[in-house]
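One file, run_10.tsv, carrying TSV, N, CA and C atoms:
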chain	number	residue	atom	x	y	z
A	958	MET	N	17.58	-5.98	25.88
A	958	MET	CA	16.23	-5.47	25.92
A	958	MET	C	16.26	-3.99	25.55
A	959	ASP	N	15.40	-3.60	24.66
A	959	ASP	CA	15.33	-2.23	24.17
A	959	ASP	C	13.92	-1.72	24.44
A	960	ARG	N	13.83	-0.53	25.01
A	960	ARG	CA	12.51	0.04	25.31
A	960	ARG	C	12.32	1.31	24.47
A	961	SER	N	11.95	1.14	23.23
A	961	SER	CA	11.72	2.29	22.37
A	961	SER	C	10.25	2.37	21.99
A	962	ALA	N	9.75	3.59	21.92
A	962	ALA	CA	8.37	3.86	21.50
A	962	ALA	C	7.35	3.09	22.34
A	963	GLY	N	7.64	2.92	23.63
A	963	GLY	CA	6.68	2.28	24.51
A	963	GLY	C	6.60	0.77	24.40
A	964	THR	N	7.42	0.19	23.54
A	964	THR	CA	7.45	-1.26	23.34
A	964	THR	C	8.75	-1.80	23.89
A	965	THR	N	8.67	-2.93	24.59
A	965	THR	CA	9.89	-3.60	25.05
A	965	THR	C	10.27	-4.63	23.99
A	966	TRP	N	11.49	-4.52	23.49
A	966	TRP	CA	11.98	-5.41	22.45
A	966	TRP	C	12.96	-6.39	23.05
A	967	LEU	N	12.81	-7.67	22.72
A	967	LEU	CA	13.68	-8.72	23.23
A	967	LEU	C	14.57	-9.26	22.12
A	968	THR	N	15.76	-9.69	22.49
A	968	THR	CA	16.65	-10.34	21.52
A	968	THR	C	16.19	-11.77	21.30
A	969	ILE	N	16.72	-12.39	20.28
A	969	ILE	CA	16.40	-13.79	19.99
A	969	ILE	C	16.75	-14.67	21.18
A	970	ALA	N	17.90	-14.41	21.80
A	970	ALA	CA	18.32	-15.21	22.96
A	970	ALA	C	17.34	-15.05	24.12
A	971	GLN	N	16.85	-13.85	24.35
A	971	GLN	CA	15.89	-13.62	25.43
A	971	GLN	C	14.58	-14.35	25.16
A	972	VAL	N	14.11	-14.32	23.92
A	972	VAL	CA	12.88	-15.01	23.56
A	972	VAL	C	13.07	-16.52	23.69
A	973	ALA	N	14.22	-17.02	23.26
A	973	ALA	CA	14.51	-18.45	23.38
A	973	ALA	C	14.47	-18.88	24.85
A	974	GLY	N	15.03	-18.07	25.73
A	974	GLY	CA	15.00	-18.37	27.16
A	974	GLY	C	13.58	-18.34	27.71
A	975	LEU	N	12.79	-17.39	27.26
A	975	LEU	CA	11.40	-17.27	27.70
A	975	LEU	C	10.59	-18.49	27.28
A	976	TRP	N	10.81	-18.95	26.07
A	976	TRP	CA	10.05	-20.07	25.53
A	976	TRP	C	10.63	-21.43	25.89
A	977	GLY	N	11.89	-21.45	26.30
A	977	GLY	CA	12.53	-22.73	26.61
A	977	GLY	C	12.90	-23.51	25.36
A	978	VAL	N	13.28	-22.80	24.31
A	978	VAL	CA	13.72	-23.45	23.06
A	978	VAL	C	15.10	-22.91	22.69
A	979	ALA	N	15.72	-23.51	21.70
A	979	ALA	CA	17.03	-23.07	21.22
A	979	ALA	C	16.90	-21.74	20.48
A	980	ALA	N	17.93	-20.92	20.59
A	980	ALA	CA	17.95	-19.65	19.87
A	980	ALA	C	17.86	-19.88	18.36
A	981	ASP	N	18.43	-20.98	17.88
A	981	ASP	CA	18.35	-21.30	16.44
A	981	ASP	C	16.90	-21.47	16.00
A	982	THR	N	16.07	-22.03	16.88
A	982	THR	CA	14.65	-22.23	16.56
A	982	THR	C	13.96	-20.88	16.38
A	983	VAL	N	14.20	-19.97	17.33
A	983	VAL	CA	13.58	-18.64	17.25
A	983	VAL	C	14.09	-17.91	16.00
A	984	GLU	N	15.38	-18.01	15.75
A	984	GLU	CA	15.96	-17.36	14.58
A	984	GLU	C	15.35	-17.90	13.29
A	985	ASP	N	15.11	-19.20	13.23
A	985	ASP	CA	14.48	-19.82	12.07
A	985	ASP	C	13.07	-19.28	11.88
A	986	TRP	N	12.31	-19.20	12.97
A	986	TRP	CA	10.93	-18.71	12.88
A	986	TRP	C	10.89	-17.25	12.47
A	987	VAL	N	11.83	-16.45	12.94
A	987	VAL	CA	11.91	-15.05	12.51
A	987	VAL	C	12.22	-15.00	11.01
A	988	GLY	N	13.15	-15.82	10.58
A	988	GLY	CA	13.53	-15.86	9.16
A	988	GLY	C	12.38	-16.27	8.25
A	989	ARG	N	11.52	-17.14	8.75
A	989	ARG	CA	10.36	-17.58	7.97
A	989	ARG	C	9.21	-16.57	8.01
A	990	GLY	N	9.35	-15.56	8.86
A	990	GLY	CA	8.31	-14.55	8.97
A	990	GLY	C	7.18	-14.95	9.91
A	991	TRP	N	7.39	-15.99	10.69
A	991	TRP	CA	6.35	-16.46	11.62
A	991	TRP	C	6.28	-15.60	12.87
A	992	ILE	N	7.34	-14.86	13.14
A	992	ILE	CA	7.40	-13.98	14.31
A	992	ILE	C	7.78	-12.60	13.81
A	993	VAL	N	7.06	-11.60	14.24
A	993	VAL	CA	7.35	-10.22	13.84
A	993	VAL	C	8.64	-9.78	14.54
A	994	SER	N	9.47	-9.04	13.82
A	994	SER	CA	10.70	-8.53	14.41
A	994	SER	C	11.15	-7.29	13.65
A	995	ARG	N	12.09	-6.60	14.25
A	995	ARG	CA	12.77	-5.50	13.56
A	995	ARG	C	14.26	-5.73	13.76
A	996	THR	N	15.04	-5.10	12.96
A	996	THR	CA	16.49	-5.24	13.05
A	996	THR	C	17.08	-3.94	13.57
A	997	ASP	N	17.94	-4.05	14.58
A	997	ASP	CA	18.59	-2.84	15.10
A	997	ASP	C	19.79	-2.48	14.24
A	998	HIS	N	20.48	-1.41	14.61
A	998	HIS	CA	21.62	-0.93	13.81
A	998	HIS	C	22.77	-1.93	13.78
A	999	GLY	N	22.81	-2.82	14.75
A	999	GLY	CA	23.86	-3.83	14.79
A	999	GLY	C	23.51	-5.11	14.05
A	1000	GLY	N	22.31	-5.15	13.45
A	1000	GLY	CA	21.89	-6.32	12.69
A	1000	GLY	C	21.17	-7.38	13.52
A	1001	ARG	N	20.95	-7.09	14.81
A	1001	ARG	CA	20.24	-8.06	15.66
A	1001	ARG	C	18.73	-7.95	15.44
A	1002	HIS	N	18.08	-9.10	15.41
A	1002	HIS	CA	16.62	-9.11	15.33
A	1002	HIS	C	16.06	-8.86	16.72
A	1003	LEU	N	15.11	-7.96	16.81
A	1003	LEU	CA	14.44	-7.66	18.08
A	1003	LEU	C	12.96	-7.97	17.92
A	1004	ILE	N	12.40	-8.64	18.92
A	1004	ILE	CA	11.02	-9.12	18.89
A	1004	ILE	C	10.25	-8.41	19.99
A	1005	PRO	N	9.05	-7.87	19.69
A	1005	PRO	CA	8.27	-7.22	20.74
A	1005	PRO	C	7.91	-8.21	21.85
A	1006	GLU	N	8.11	-7.80	23.09
A	1006	GLU	CA	7.86	-8.69	24.22
A	1006	GLU	C	6.41	-9.17	24.25
A	1007	ASP	N	5.46	-8.28	23.96
A	1007	ASP	CA	4.05	-8.70	24.00
A	1007	ASP	C	3.75	-9.77	22.95
A	1008	ALA	N	4.38	-9.70	21.79
A	1008	ALA	CA	4.19	-10.73	20.76
A	1008	ALA	C	4.80	-12.05	21.20
A	1009	ALA	N	5.98	-11.99	21.82
A	1009	ALA	CA	6.63	-13.21	22.30
A	1009	ALA	C	5.79	-13.89	23.38
A	1010	ARG	N	5.23	-13.10	24.27
A	1010	ARG	CA	4.39	-13.66	25.34
A	1010	ARG	C	3.06	-14.20	24.78
A	1011	ALA	N	2.52	-13.57	23.75
A	1011	ALA	CA	1.28	-14.06	23.13
A	1011	ALA	C	1.50	-15.43	22.49
A	1012	VAL	N	2.62	-15.61	21.82
A	1012	VAL	CA	2.94	-16.91	21.21
A	1012	VAL	C	3.07	-17.96	22.30
A	1013	LEU	N	3.74	-17.61	23.40
A	1013	LEU	CA	3.91	-18.54	24.51
A	1013	LEU	C	2.56	-18.92	25.11
A	1014	GLU	N	1.68	-17.94	25.27
A	1014	GLU	CA	0.35	-18.21	25.82
A	1014	GLU	C	-0.45	-19.13	24.89
A	1015	GLU	N	-0.36	-18.91	23.59
A	1015	GLU	CA	-1.05	-19.78	22.63
A	1015	GLU	C	-0.53	-21.22	22.71
A	1016	ALA	N	0.76	-21.36	22.92
A	1016	ALA	CA	1.35	-22.70	23.04
A	1016	ALA	C	0.83	-23.40	24.28
A	1017	TYR	N	0.71	-22.68	25.39
A	1017	TYR	CA	0.17	-23.27	26.62
A	1017	TYR	C	-1.28	-23.70	26.43
A	1018	VAL	N	-2.08	-22.86	25.76
A	1018	VAL	CA	-3.49	-23.18	25.52
A	1018	VAL	C	-3.59	-24.41	24.62
A	1019	ALA	N	-2.79	-24.45	23.57
A	1019	ALA	CA	-2.82	-25.60	22.65
A	1019	ALA	C	-2.41	-26.88	23.38
A	1020	ARG	N	-1.39	-26.79	24.23
A	1020	ARG	CA	-0.93	-27.97	24.97
A	1020	ARG	C	-2.02	-28.43	25.95
A	1021	ALA	N	-2.67	-27.49	26.61
A	1021	ALA	CA	-3.74	-27.84	27.55
A	1021	ALA	C	-4.90	-28.50	26.81
A	1022	ALA	N	-5.26	-27.98	25.64
A	1022	ALA	CA	-6.34	-28.57	24.86
A	1022	ALA	C	-5.97	-29.98	24.41
A	1023	LYS	N	-4.74	-30.18	24.02
A	1023	LYS	CA	-4.28	-31.49	23.60
A	1023	LYS	C	-4.33	-32.48	24.77
A	1024	ASN	N	-3.90	-32.04	25.95
A	1024	ASN	CA	-3.92	-32.90	27.13
A	1024	ASN	C	-5.35	-33.23	27.54
A	1025	THR	N	-6.27	-32.29	27.41
A	1025	THR	CA	-7.68	-32.52	27.73
A	1025	THR	C	-8.26	-33.56	26.79
A	1026	THR	N	-7.93	-33.47	25.51
A	1026	THR	CA	-8.41	-34.44	24.53
A	1026	THR	C	-7.91	-35.84	24.86
A	1027	LYS	N	-6.66	-35.96	25.24
A	1027	LYS	CA	-6.11	-37.26	25.60
A	1027	LYS	C	-6.81	-37.83	26.82
A	1028	THR	N	-7.13	-37.01	27.80
A	1028	THR	CA	-7.80	-37.45	29.02
A	1028	THR	C	-9.20	-37.96	28.69
A	1029	LYS	N	-9.92	-37.25	27.82
A	1029	LYS	CA	-11.28	-37.66	27.45
A	1029	LYS	C	-11.26	-38.98	26.72
A	1030	ARG	N	-10.26	-39.21	25.87
A	1030	ARG	CA	-10.18	-40.45	25.11
A	1030	ARG	C	-9.87	-41.65	26.00
A	1031	SER	N	-9.15	-41.43	27.07
A	1031	SER	CA	-8.72	-42.55	27.91
A	1031	SER	C	-9.81	-43.04	28.86
A	1032	ARG	N	-10.91	-42.33	28.92
A	1032	ARG	CA	-11.99	-42.73	29.83
A	1032	ARG	C	-12.78	-43.87	29.31

Render the structure in this file as structure tokens.
Amino acid sequence: MDRSAGTTWLTIAQVAGLWGVAADTVEDWVGRGWIVSRTDHGGRHLIPEDAARAVLEEAYVARAAKNTTKTKRSR
């Protein structure tokens, strides 16, 4: 975790743990440009914590909406 310029930066492994997915998945998404990141002097990709949490929140909302749709259809 890096705290530079008022932003907390997380490593790919930290984001993977936060999201509950494989680090390879996060690395793939960073490579595709789907997640904003910067590279430190050691070549590690660092992802802003607020961006990682926003993606996680969107996933929860999408999952909740999907579950609500399934419930309405089953009635």

Task: Residues within 6.5 Å of Ile1004 (chain A), all atoms listed in the file, excluding chain neighbours under 6 positions, as a list in words - done: Thr965, Trp966, Leu967, Thr968, Ile969, Val993, Ser994 and Arg995 of chain A

Selection export as a compact mmCIF listing (two decimals), keeping the file's coordinate frame, atoms kept: N, CA and C atoms:
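So the final result, stored in part03.txt, reads:
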# COMPACT_ATOMS: atom_id res chain seq x y z
N THR A 965 8.67 -2.93 24.59
CA THR A 965 9.89 -3.60 25.05
C THR A 965 10.27 -4.63 23.99
N TRP A 966 11.49 -4.52 23.49
CA TRP A 966 11.98 -5.41 22.45
C TRP A 966 12.96 -6.39 23.05
N LEU A 967 12.81 -7.67 22.72
CA LEU A 967 13.68 -8.72 23.23
C LEU A 967 14.57 -9.26 22.12
N THR A 968 15.76 -9.69 22.49
CA THR A 968 16.65 -10.34 21.52
C THR A 968 16.19 -11.77 21.30
N ILE A 969 16.72 -12.39 20.28
CA ILE A 969 16.40 -13.79 19.99
C ILE A 969 16.75 -14.67 21.18
N VAL A 993 7.06 -11.60 14.24
CA VAL A 993 7.35 -10.22 13.84
C VAL A 993 8.64 -9.78 14.54
N SER A 994 9.47 -9.04 13.82
CA SER A 994 10.70 -8.53 14.41
C SER A 994 11.15 -7.29 13.65
N ARG A 995 12.09 -6.60 14.25
CA ARG A 995 12.77 -5.50 13.56
C ARG A 995 14.26 -5.73 13.76

Strand (DSSP E or B) call set, DSSP backbone run, chain A, as a tab-separated table (two decimals) with N, CA and C atoms, keeping the file's coordinate frame:
chain	number	residue	atom	x	y	z
A	959	ASP	N	15.40	-3.60	24.66
A	959	ASP	CA	15.33	-2.23	24.17
A	959	ASP	C	13.92	-1.72	24.44
A	960	ARG	N	13.83	-0.53	25.01
A	960	ARG	CA	12.51	0.04	25.31
A	960	ARG	C	12.32	1.31	24.47
A	961	SER	N	11.95	1.14	23.23
A	961	SER	CA	11.72	2.29	22.37
A	961	SER	C	10.25	2.37	21.99
A	964	THR	N	7.42	0.19	23.54
A	964	THR	CA	7.45	-1.26	23.34
A	964	THR	C	8.75	-1.80	23.89
A	965	THR	N	8.67	-2.93	24.59
A	965	THR	CA	9.89	-3.60	25.05
A	965	THR	C	10.27	-4.63	23.99
A	966	TRP	N	11.49	-4.52	23.49
A	966	TRP	CA	11.98	-5.41	22.45
A	966	TRP	C	12.96	-6.39	23.05
A	967	LEU	N	12.81	-7.67	22.72
A	967	LEU	CA	13.68	-8.72	23.23
A	967	LEU	C	14.57	-9.26	22.12
A	968	THR	N	15.76	-9.69	22.49
A	968	THR	CA	16.65	-10.34	21.52
A	968	THR	C	16.19	-11.77	21.30
A	995	ARG	N	12.09	-6.60	14.25
A	995	ARG	CA	12.77	-5.50	13.56
A	995	ARG	C	14.26	-5.73	13.76
A	996	THR	N	15.04	-5.10	12.96
A	996	THR	CA	16.49	-5.24	13.05
A	996	THR	C	17.08	-3.94	13.57
A	1002	HIS	N	18.08	-9.10	15.41
A	1002	HIS	CA	16.62	-9.11	15.33
A	1002	HIS	C	16.06	-8.86	16.72
A	1003	LEU	N	15.11	-7.96	16.81
A	1003	LEU	CA	14.44	-7.66	18.08
A	1003	LEU	C	12.96	-7.97	17.92
A	1004	ILE	N	12.40	-8.64	18.92
A	1004	ILE	CA	11.02	-9.12	18.89
A	1004	ILE	C	10.25	-8.41	19.99
A	1005	PRO	N	9.05	-7.87	19.69
A	1005	PRO	CA	8.27	-7.22	20.74
A	1005	PRO	C	7.91	-8.21	21.85

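Across the structure, CA of Val972 (chain A) and CA of Ala1009 (chain A) are spaced 6.6 Å apart.
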
Task: Computed interatomic separation between atom C of Ala1016 (chain A) and atom C of Gly974 (chain A) (Å) - done: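 If I compute the distance from atom C of Ala1016 (chain A) to atom C of Gly974 (chain A), I get 14.1 Å.
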
Open item on the list: Can you tell me, as number ranges by chain, which residues in region 981-1013 of chain A count as helix (DSSP H, G or I) by DSSP?
Closed with: A: 981-988, 1006-1013
